[in-house]
file query.txt (compact mmCIF, C-alpha atoms)
# COMPACT_ATOMS: atom_id res chain seq x y z
CA MET A 1 -16.78 5.19 10.53
CA LYS A 2 -18.06 3.16 7.62
CA VAL A 3 -14.99 2.40 5.47
CA LEU A 4 -15.17 0.80 2.02
CA VAL A 5 -11.96 -1.13 1.29
CA THR A 6 -11.42 -2.19 -2.32
CA GLY A 7 -8.93 -4.93 -3.13
CA ALA A 8 -9.68 -6.17 0.37
CA ASN A 9 -8.70 -9.77 -0.28
CA GLY A 10 -5.20 -8.84 -1.40
CA TYR A 11 -2.05 -9.18 0.67
CA LEU A 12 -2.33 -5.63 2.05
CA GLY A 13 -6.10 -5.55 2.24
CA GLN A 14 -6.44 -8.51 4.58
CA GLY A 15 -4.33 -6.95 7.33
CA ILE A 16 -5.71 -3.43 6.87
CA VAL A 17 -9.32 -4.66 7.08
CA LYS A 18 -8.52 -6.48 10.34
CA GLN A 19 -6.86 -3.38 11.82
CA LEU A 20 -9.78 -1.13 10.85
CA LEU A 21 -12.18 -3.58 12.48
CA ASP A 22 -10.02 -3.82 15.61
CA ASP A 23 -10.21 -0.03 15.82
CA GLY A 24 -14.01 -0.22 15.93
CA ASN A 25 -14.85 0.80 12.36
CA GLN A 26 -17.55 -0.70 10.17
CA VAL A 27 -15.81 -2.17 7.13
CA ILE A 28 -17.26 -3.02 3.73
CA SER A 29 -14.75 -5.27 1.97
CA ALA A 30 -14.90 -5.49 -1.82
CA ASP A 31 -12.99 -7.79 -4.17
CA PHE A 32 -13.52 -10.55 -6.75
CA SER A 33 -13.34 -13.09 -3.92
CA LEU A 34 -13.16 -12.61 -0.16
CA ASP A 35 -11.97 -15.98 1.13
CA ASN A 36 -9.34 -14.51 3.46
CA ILE A 37 -11.30 -11.60 4.94
CA ASP A 38 -12.08 -11.19 8.64
CA GLU A 39 -15.61 -12.44 9.32
CA ARG A 40 -16.52 -9.21 11.12
CA ALA A 41 -16.43 -7.31 7.82
CA GLN A 42 -19.35 -6.87 5.48
CA LYS A 43 -18.38 -8.76 2.32
CA CYS A 44 -19.18 -7.78 -1.25
CA GLU A 45 -17.79 -9.99 -4.01
CA CYS A 46 -17.92 -7.96 -7.21
CA ASP A 47 -16.18 -6.48 -10.23
CA LEU A 48 -15.65 -2.89 -9.11
CA PHE A 49 -15.46 -1.45 -12.59
CA SER A 50 -18.77 -2.92 -13.72
CA ILE A 51 -20.77 -1.22 -10.95
CA THR A 52 -22.84 1.82 -11.80
CA ALA A 53 -23.29 4.39 -9.01
CA PRO A 54 -20.80 2.63 -6.67
CA TYR A 55 -21.25 5.16 -3.84
CA HIS A 56 -24.87 4.08 -3.45
CA TYR A 57 -24.14 0.44 -4.29
CA PHE A 58 -21.79 0.29 -1.29
CA GLU A 59 -24.33 2.02 1.00
CA LYS A 60 -22.77 5.49 1.14
CA PRO A 61 -19.52 4.89 3.03
CA ASP A 62 -17.82 7.71 4.95
CA VAL A 63 -14.40 6.80 3.53
CA LEU A 64 -13.19 5.00 0.41
CA LEU A 65 -9.86 3.22 0.85
CA HIS A 66 -8.90 2.22 -2.68
CA LEU A 67 -6.31 -0.57 -2.58
CA ALA A 68 -7.47 -2.47 -5.68
CA TRP A 69 -4.74 -2.88 -8.29
CA ARG A 70 -3.71 -5.73 -10.58
CA ASN A 71 -0.17 -7.05 -10.99
CA GLY A 72 1.46 -4.66 -8.56
CA PHE A 73 4.67 -6.71 -8.49
CA VAL A 74 4.84 -7.13 -12.28
CA HIS A 75 6.10 -3.64 -12.89
CA ASN A 76 5.76 -3.58 -16.67
CA ALA A 77 2.49 -5.47 -17.06
CA LEU A 78 0.25 -3.84 -19.67
CA SER A 79 -2.69 -4.06 -17.24
CA HIS A 80 -1.38 -1.01 -15.36
CA MET A 81 -2.12 1.21 -18.33
CA GLU A 82 -5.24 -0.65 -19.40
CA ASP A 83 -6.89 -0.32 -15.98
CA LEU A 84 -5.93 3.31 -15.37
CA PRO A 85 -9.10 4.88 -16.89
CA ASN A 86 -11.28 2.54 -14.82
CA HIS A 87 -9.54 3.51 -11.58
CA TYR A 88 -10.03 7.17 -12.45
CA LYS A 89 -13.74 6.71 -13.22
CA PHE A 90 -14.25 4.75 -10.01
CA ILE A 91 -12.68 7.47 -7.86
CA LYS A 92 -14.57 10.17 -9.78
CA ALA A 93 -17.87 8.45 -9.00
CA PHE A 94 -17.21 8.99 -5.30
CA THR A 95 -16.01 12.59 -5.58
CA ASP A 96 -19.13 13.37 -7.65
CA GLU A 97 -21.20 12.15 -4.68
CA LYS A 98 -19.14 14.31 -2.27
CA ILE A 99 -17.89 11.46 -0.13
CA LYS A 100 -16.07 12.80 2.93
CA ARG A 101 -12.70 11.24 2.26
CA ILE A 102 -10.87 9.09 -0.27
CA ALA A 103 -7.56 7.37 0.47
CA VAL A 104 -5.69 5.71 -2.40
CA MET A 105 -2.71 3.38 -2.14
CA GLY A 106 0.27 4.76 -3.99
CA THR A 107 3.85 3.55 -4.29
CA MET A 108 7.38 4.85 -4.00
CA HIS A 109 7.81 3.62 -7.60
CA GLU A 110 6.03 6.83 -8.66
CA ILE A 111 9.31 8.61 -7.93
CA GLY A 112 11.53 6.65 -10.28
CA PHE A 113 15.31 6.62 -9.87
CA TYR A 114 16.14 8.79 -6.87
CA GLU A 115 18.52 8.80 -3.94
CA GLY A 116 17.65 10.17 -0.52
CA SER A 117 14.54 10.92 1.50
CA ILE A 118 11.20 11.17 -0.33
CA ASP A 119 8.61 13.69 0.81
CA GLU A 120 5.43 15.07 -0.76
CA ASN A 121 7.40 17.60 -2.82
CA THR A 122 9.91 15.15 -4.33
CA PRO A 123 9.67 15.29 -8.17
CA THR A 124 8.36 12.15 -9.87
CA ASN A 125 9.86 10.45 -12.91
CA PRO A 126 8.59 6.85 -12.85
CA GLN A 127 10.58 4.23 -14.75
CA SER A 128 8.01 1.42 -15.02
CA LEU A 129 4.44 1.08 -16.27
CA TYR A 130 3.37 0.43 -12.67
CA GLY A 131 4.94 3.68 -11.48
CA ILE A 132 3.68 5.64 -14.49
CA ALA A 133 0.09 4.48 -13.99
CA LYS A 134 0.09 5.14 -10.24
CA ASN A 135 1.62 8.55 -10.79
CA ALA A 136 -1.01 9.42 -13.40
CA LEU A 137 -3.79 8.29 -11.06
CA ARG A 138 -2.32 10.41 -8.27
CA ASN A 139 -2.21 13.54 -10.42
CA SER A 140 -5.72 13.03 -11.78
CA SER A 141 -7.16 12.17 -8.35
CA PHE A 142 -5.83 15.40 -6.85
CA LEU A 143 -7.39 17.32 -9.73
CA LEU A 144 -10.73 15.68 -8.93
CA ALA A 145 -10.42 16.44 -5.23
CA LYS A 146 -9.38 20.06 -5.84
CA GLY A 147 -12.73 20.90 -7.34
CA SER A 148 -14.81 18.91 -4.88
CA GLU A 149 -15.75 18.68 -1.22
CA THR A 150 -13.82 15.42 -0.85
CA GLN A 151 -10.57 15.19 1.10
CA LEU A 152 -7.88 13.11 -0.62
CA GLN A 153 -5.12 11.13 1.07
CA TRP A 154 -2.52 9.53 -1.17
CA ILE A 155 -0.77 6.83 0.86
CA ARG A 156 2.68 6.21 -0.57
CA GLY A 157 3.81 2.69 0.33
CA TYR A 158 7.39 1.44 0.57
CA TYR A 159 8.84 -2.06 1.13
CA ILE A 160 6.59 -4.18 3.33
CA VAL A 161 8.01 -7.10 5.29
CA GLY A 162 5.69 -10.01 6.08
CA ASN A 163 5.88 -13.79 6.12
CA SER A 164 2.63 -14.55 4.28
CA LYS A 165 3.27 -16.84 1.34
CA PHE A 166 0.27 -15.33 -0.48
CA GLY A 167 1.94 -12.01 -1.31
CA SER A 168 4.29 -11.22 -4.20
CA SER A 169 7.10 -9.42 -2.36
CA ILE A 170 10.51 -11.03 -1.97
CA PHE A 171 9.59 -11.87 1.64
CA SER A 172 6.42 -13.69 0.60
CA LYS A 173 8.34 -15.51 -2.13
CA ILE A 174 10.92 -16.69 0.41
CA ALA A 175 8.15 -17.85 2.77
CA LYS A 176 6.56 -19.77 -0.10
CA ALA A 177 9.89 -21.28 -1.14
CA VAL A 178 10.48 -22.50 2.42
CA SER A 179 7.00 -24.07 2.56
CA GLU A 180 7.85 -25.93 -0.66
CA GLY A 181 11.12 -27.28 0.79
CA THR A 182 13.49 -25.11 -1.25
CA SER A 183 16.93 -24.72 0.33
CA GLU A 184 18.36 -21.93 -1.85
CA PHE A 185 16.74 -18.71 -3.03
CA PRO A 186 18.07 -16.82 -6.11
CA PHE A 187 18.89 -13.23 -5.15
CA THR A 188 20.34 -9.98 -6.44
CA SER A 189 23.49 -8.37 -5.03
CA GLY A 190 21.35 -7.12 -2.13
CA MET A 191 23.27 -3.84 -1.94
CA ASN A 192 20.31 -1.47 -2.45
CA GLN A 193 19.18 0.43 0.65
CA TRP A 194 15.41 0.84 0.97
CA ASP A 195 12.71 1.77 3.46
CA PHE A 196 11.40 -1.45 5.03
CA ILE A 197 8.33 -1.58 7.26
CA ASP A 198 6.83 -4.62 8.98
CA TYR A 199 3.45 -5.74 7.69
CA LYS A 200 1.60 -5.15 10.97
CA ASP A 201 3.10 -1.66 11.34
CA PHE A 202 2.12 -0.81 7.78
CA CYS A 203 -1.49 -1.92 8.31
CA TYR A 204 -1.59 0.09 11.53
CA GLN A 205 -0.26 3.21 9.81
CA VAL A 206 -2.74 2.96 6.93
CA SER A 207 -5.64 2.56 9.35
CA LYS A 208 -4.60 5.58 11.38
CA ILE A 209 -4.24 7.67 8.22
CA VAL A 210 -7.79 7.00 7.03
CA GLU A 211 -9.31 7.34 10.51
CA GLN A 212 -8.31 11.02 10.80
CA ASP A 213 -9.08 14.11 8.71
CA GLU A 214 -6.51 16.66 9.92
CA ILE A 215 -3.66 15.56 7.64
CA SER A 216 -4.17 14.87 3.94
CA GLY A 217 -2.26 15.02 0.66
CA ILE A 218 0.65 12.65 0.07
CA ILE A 219 1.44 10.67 3.22
CA ASN A 220 4.29 8.18 3.45
CA ALA A 221 3.51 4.87 5.19
CA CYS A 222 7.09 4.04 6.05
CA SER A 223 9.80 3.47 8.66
CA GLY A 224 11.62 6.69 7.77
CA ARG A 225 15.07 5.11 7.42
CA PRO A 226 17.08 3.13 4.83
CA GLU A 227 18.33 -0.41 5.37
CA LYS A 228 20.40 -2.62 3.09
CA LEU A 229 18.26 -5.20 1.26
CA SER A 230 20.59 -8.09 2.08
CA THR A 231 20.62 -7.15 5.78
CA ARG A 232 16.82 -7.00 5.97
CA VAL A 233 16.28 -10.24 4.08
CA GLU A 234 18.89 -12.13 6.12
CA LYS A 235 17.21 -10.83 9.29
CA PHE A 236 13.82 -11.97 7.97
CA ILE A 237 15.18 -15.48 7.37
CA LYS A 238 16.76 -15.61 10.84
CA ASP A 239 13.69 -14.18 12.64
CA ASN A 240 11.47 -16.84 11.09
CA ASN A 241 13.98 -19.70 11.59
CA TYR A 242 13.87 -20.49 7.88
CA ASN A 243 16.28 -23.14 6.58
CA ILE A 244 17.12 -21.38 3.32
CA LYS A 245 20.16 -19.57 1.95
CA LEU A 246 20.37 -16.63 -0.44
CA ALA A 247 22.14 -17.27 -3.75
CA TYR A 248 23.64 -13.82 -4.28
CA GLY A 249 24.08 -12.53 -7.82
CA LYS A 250 21.68 -14.97 -9.48
CA PHE A 251 19.48 -12.05 -10.56
CA PRO A 252 20.75 -8.67 -11.81
CA ASP A 253 19.77 -5.54 -9.93
CA ARG A 254 16.94 -3.73 -11.71
CA PRO A 255 18.38 -0.63 -13.44
CA TYR A 256 15.43 1.57 -12.37
CA ASP A 257 15.71 0.73 -8.65
CA SER A 258 17.19 3.45 -6.47
CA LYS A 259 20.46 2.69 -4.68
CA ALA A 260 19.34 4.31 -1.42
CA VAL A 261 15.84 5.71 -0.87
CA TRP A 262 13.48 6.08 2.08
CA GLY A 263 10.30 7.91 3.08
CA ASP A 264 10.13 11.14 5.03
CA ASP A 265 8.10 10.19 8.12
CA LYS A 266 7.09 13.63 9.46
CA LYS A 267 3.42 13.32 8.49
CA ILE A 268 2.92 9.76 9.67
CA LYS A 269 4.61 10.55 12.99
CA MET A 270 2.19 13.46 13.49
CA ILE A 271 -0.78 11.20 12.73
CA LEU A 272 0.40 8.45 15.09
CA ASP A 273 1.19 10.96 17.85
CA LYS A 274 -2.29 12.48 17.58
CA SER A 275 -3.87 9.02 17.64
CA ASN A 276 -1.90 8.01 20.73
CA THR A 277 -2.82 11.25 22.48
CA LYS A 278 -6.50 10.72 21.69
CA ASN A 279 -6.33 7.17 23.02
CA ARG A 280 -4.75 8.32 26.29
CA GLU A 281 -7.41 10.99 26.71
CA THR A 282 -10.14 8.41 26.11
CA ILE A 283 -8.67 6.08 28.72
call {"tool": "encode", "arguments": {"input": "query.txt", "output": "structure tokens"}}
result
Amino acid sequence: MKVLVTGANGYLGQGIVKQLLDDGNQVISADFSLDNIDERAQKCECDLFSITAPYHYFEKPDVLLHLAWRNGFVHNALSHMEDLPNHYKFIKAFTDEKIKRIAVMGTMHEIGFYEGSIDENTPTNPQSLYGIAKNALRNSSFLLAKGSETQLQWIRGYYIVGNSKFGSSIFSKIAKAVSEGTSEFPFTSGMNQWDFIDYKDFCYQVSKIVEQDEISGIINACSGRPEKLSTRVEKFIKDNNYNIKLAYGKFPDRPYDSKAVWGDDKKIKMILDKSNTKNRETI
């Protein structure tokens, strides 16, 4: 397939583009800069929101994977609300052209404060501008898809574990701190239990979601189980042989973060099972 990936040069985009290419897809990568993108991809440095007729500009892709989003780790940045109309218009431009499929990166922060397993029917009550904007884009995107010939997949992401110092997650921040020679990292209580998924597994799941058309709607890209934050971070430090210690209690726990929350993995398991079956049949 020909897959257009927006926000391709971001932390998530880089790995997802590589996985899509490894799977044999043609990838058009789009971002302001593309310094860290796999050389096999077609590169298009641009401002997405300034493009008129983007479906034709990007040579009529089969699938749009919309990852682009500013300040994803600054949960109350005003940019989330400011950019929302532009994201909507961009997605609408592709549904108007009847593109086969659109996949958009969502977040578990759409849910707000909640305890337990999250599935596609879990009510949303976001507690940050980031969650509010993503939730609004999800609702409006499904309205667009409902009246069109375009299939919509809303990929709900959870907590991604990777050792790239270029990301903004706590794991990336620790990796960066280690590279700068820091010996102590300020931390929360670490008692929250969340759904953690390794970076490579996440990129693999996202690729398999967009490469199939049998399962759509809200799809969790997740591990399907909760794990204590302190346990996962300590494991990350040990696995990477980092010489750094966590300074517990230096930061307060965010009041809008759930105490224990994880993704329901029924849909992603079905997608991965179907992909594995297809691969065995091909072999």
call {"tool": "residues_around", "arguments": {"input": "query.txt", "residues": "segment 271-281 of chain A", "least_positions_apart": "4", "cutoff": "8 Å", "atoms": "all atoms listed in the file", "output": "list in words"}}
result
Gln205, Lys208, Ile209, Gln212, Ile215 and Lys267 of chain A
call {"tool": "atom_distance", "arguments": {"input": "query.txt", "atom1": "atom CA of Tyr88 of chain A", "atom2": "atom CA of Phe49 of chain A"}}
result
10.2 Å
call {"tool": "atom_distance", "arguments": {"input": "query.txt", "atom1": "atom CA of Asn240 of chain A", "atom2": "atom CA of Phe187 of chain A"}}
result
18.2 Å
call {"tool": "atom_distance", "arguments": {"input": "query.txt", "atom1": "atom CA of Gly224 of chain A", "atom2": "atom CA of Glu110 of chain A"}}
result
17.4 Å
call {"tool": "residues_around", "arguments": {"input": "query.txt", "residues": "segment 134-143 of chain A", "least_positions_apart": "2", "cutoff": "8 Å", "atoms": "all atoms listed in the file", "output": "count of residues only"}}
result
18
call {"tool": "closest_atom_pairs", "arguments": {"input": "query.txt", "of": "segment 196-228 of chain A", "to": "segment 57-71 of chain A", "cutoff": "10 Å", "atoms": "all atoms listed in the file", "output": "CSV"}}
result
residue,atom,partner,partner_atom,distance
A:Val206,CA,A:Leu65,CA,9.4
A:Ser207,CA,A:Leu65,CA,9.5
A:Val210,CA,A:Val63,CA,7.5
A:Glu211,CA,A:Val63,CA,8.7
call {"tool": "write_last_selection", "arguments": {"input": "query.txt", "atoms": "C-alpha atoms", "output": "tab-separated table (two decimals), in the frame of the given file"}}
result
chain	number	residue	atom	x	y	z
A	206	VAL	CA	-2.74	2.96	6.93
A	207	SER	CA	-5.64	2.56	9.35
A	210	VAL	CA	-7.79	7.00	7.03
A	211	GLU	CA	-9.31	7.34	10.51
call {"tool": "residues_around", "arguments": {"input": "query.txt", "residues": "segment 19-34 of chain A", "least_positions_apart": "6", "cutoff": "8 Å", "atoms": "only C-alpha atoms", "output": "PyMOL selection string"}}
result
chain A and resi 1-9+40-48+58+68+203-204+207
call {"tool": "closest_residue", "arguments": {"input": "query.txt", "among": "A:Lys235, A:Ser128, A:Ile99, A:Ser183", "to": "Phe113 of chain A", "atoms": "all atoms listed in the file"}}
result
A:Ser128
call {"tool": "residues_around", "arguments": {"input": "query.txt", "residues": "Ser164 of chain A", "least_positions_apart": "3", "cutoff": "9 Å", "atoms": "all atoms listed in the file", "output": "list of chain:residue names"}}
result
A:Tyr11, A:Gly167, A:Phe171, A:Ser172, A:Lys173, A:Ala175, A:Lys176
call {"tool": "closest_residue", "arguments": {"input": "query.txt", "among": "A:Met81, A:Leu144, A:Ile244, A:Leu229", "to": "Lys259 of chain A", "atoms": "all atoms listed in the file"}}
result
A:Leu229
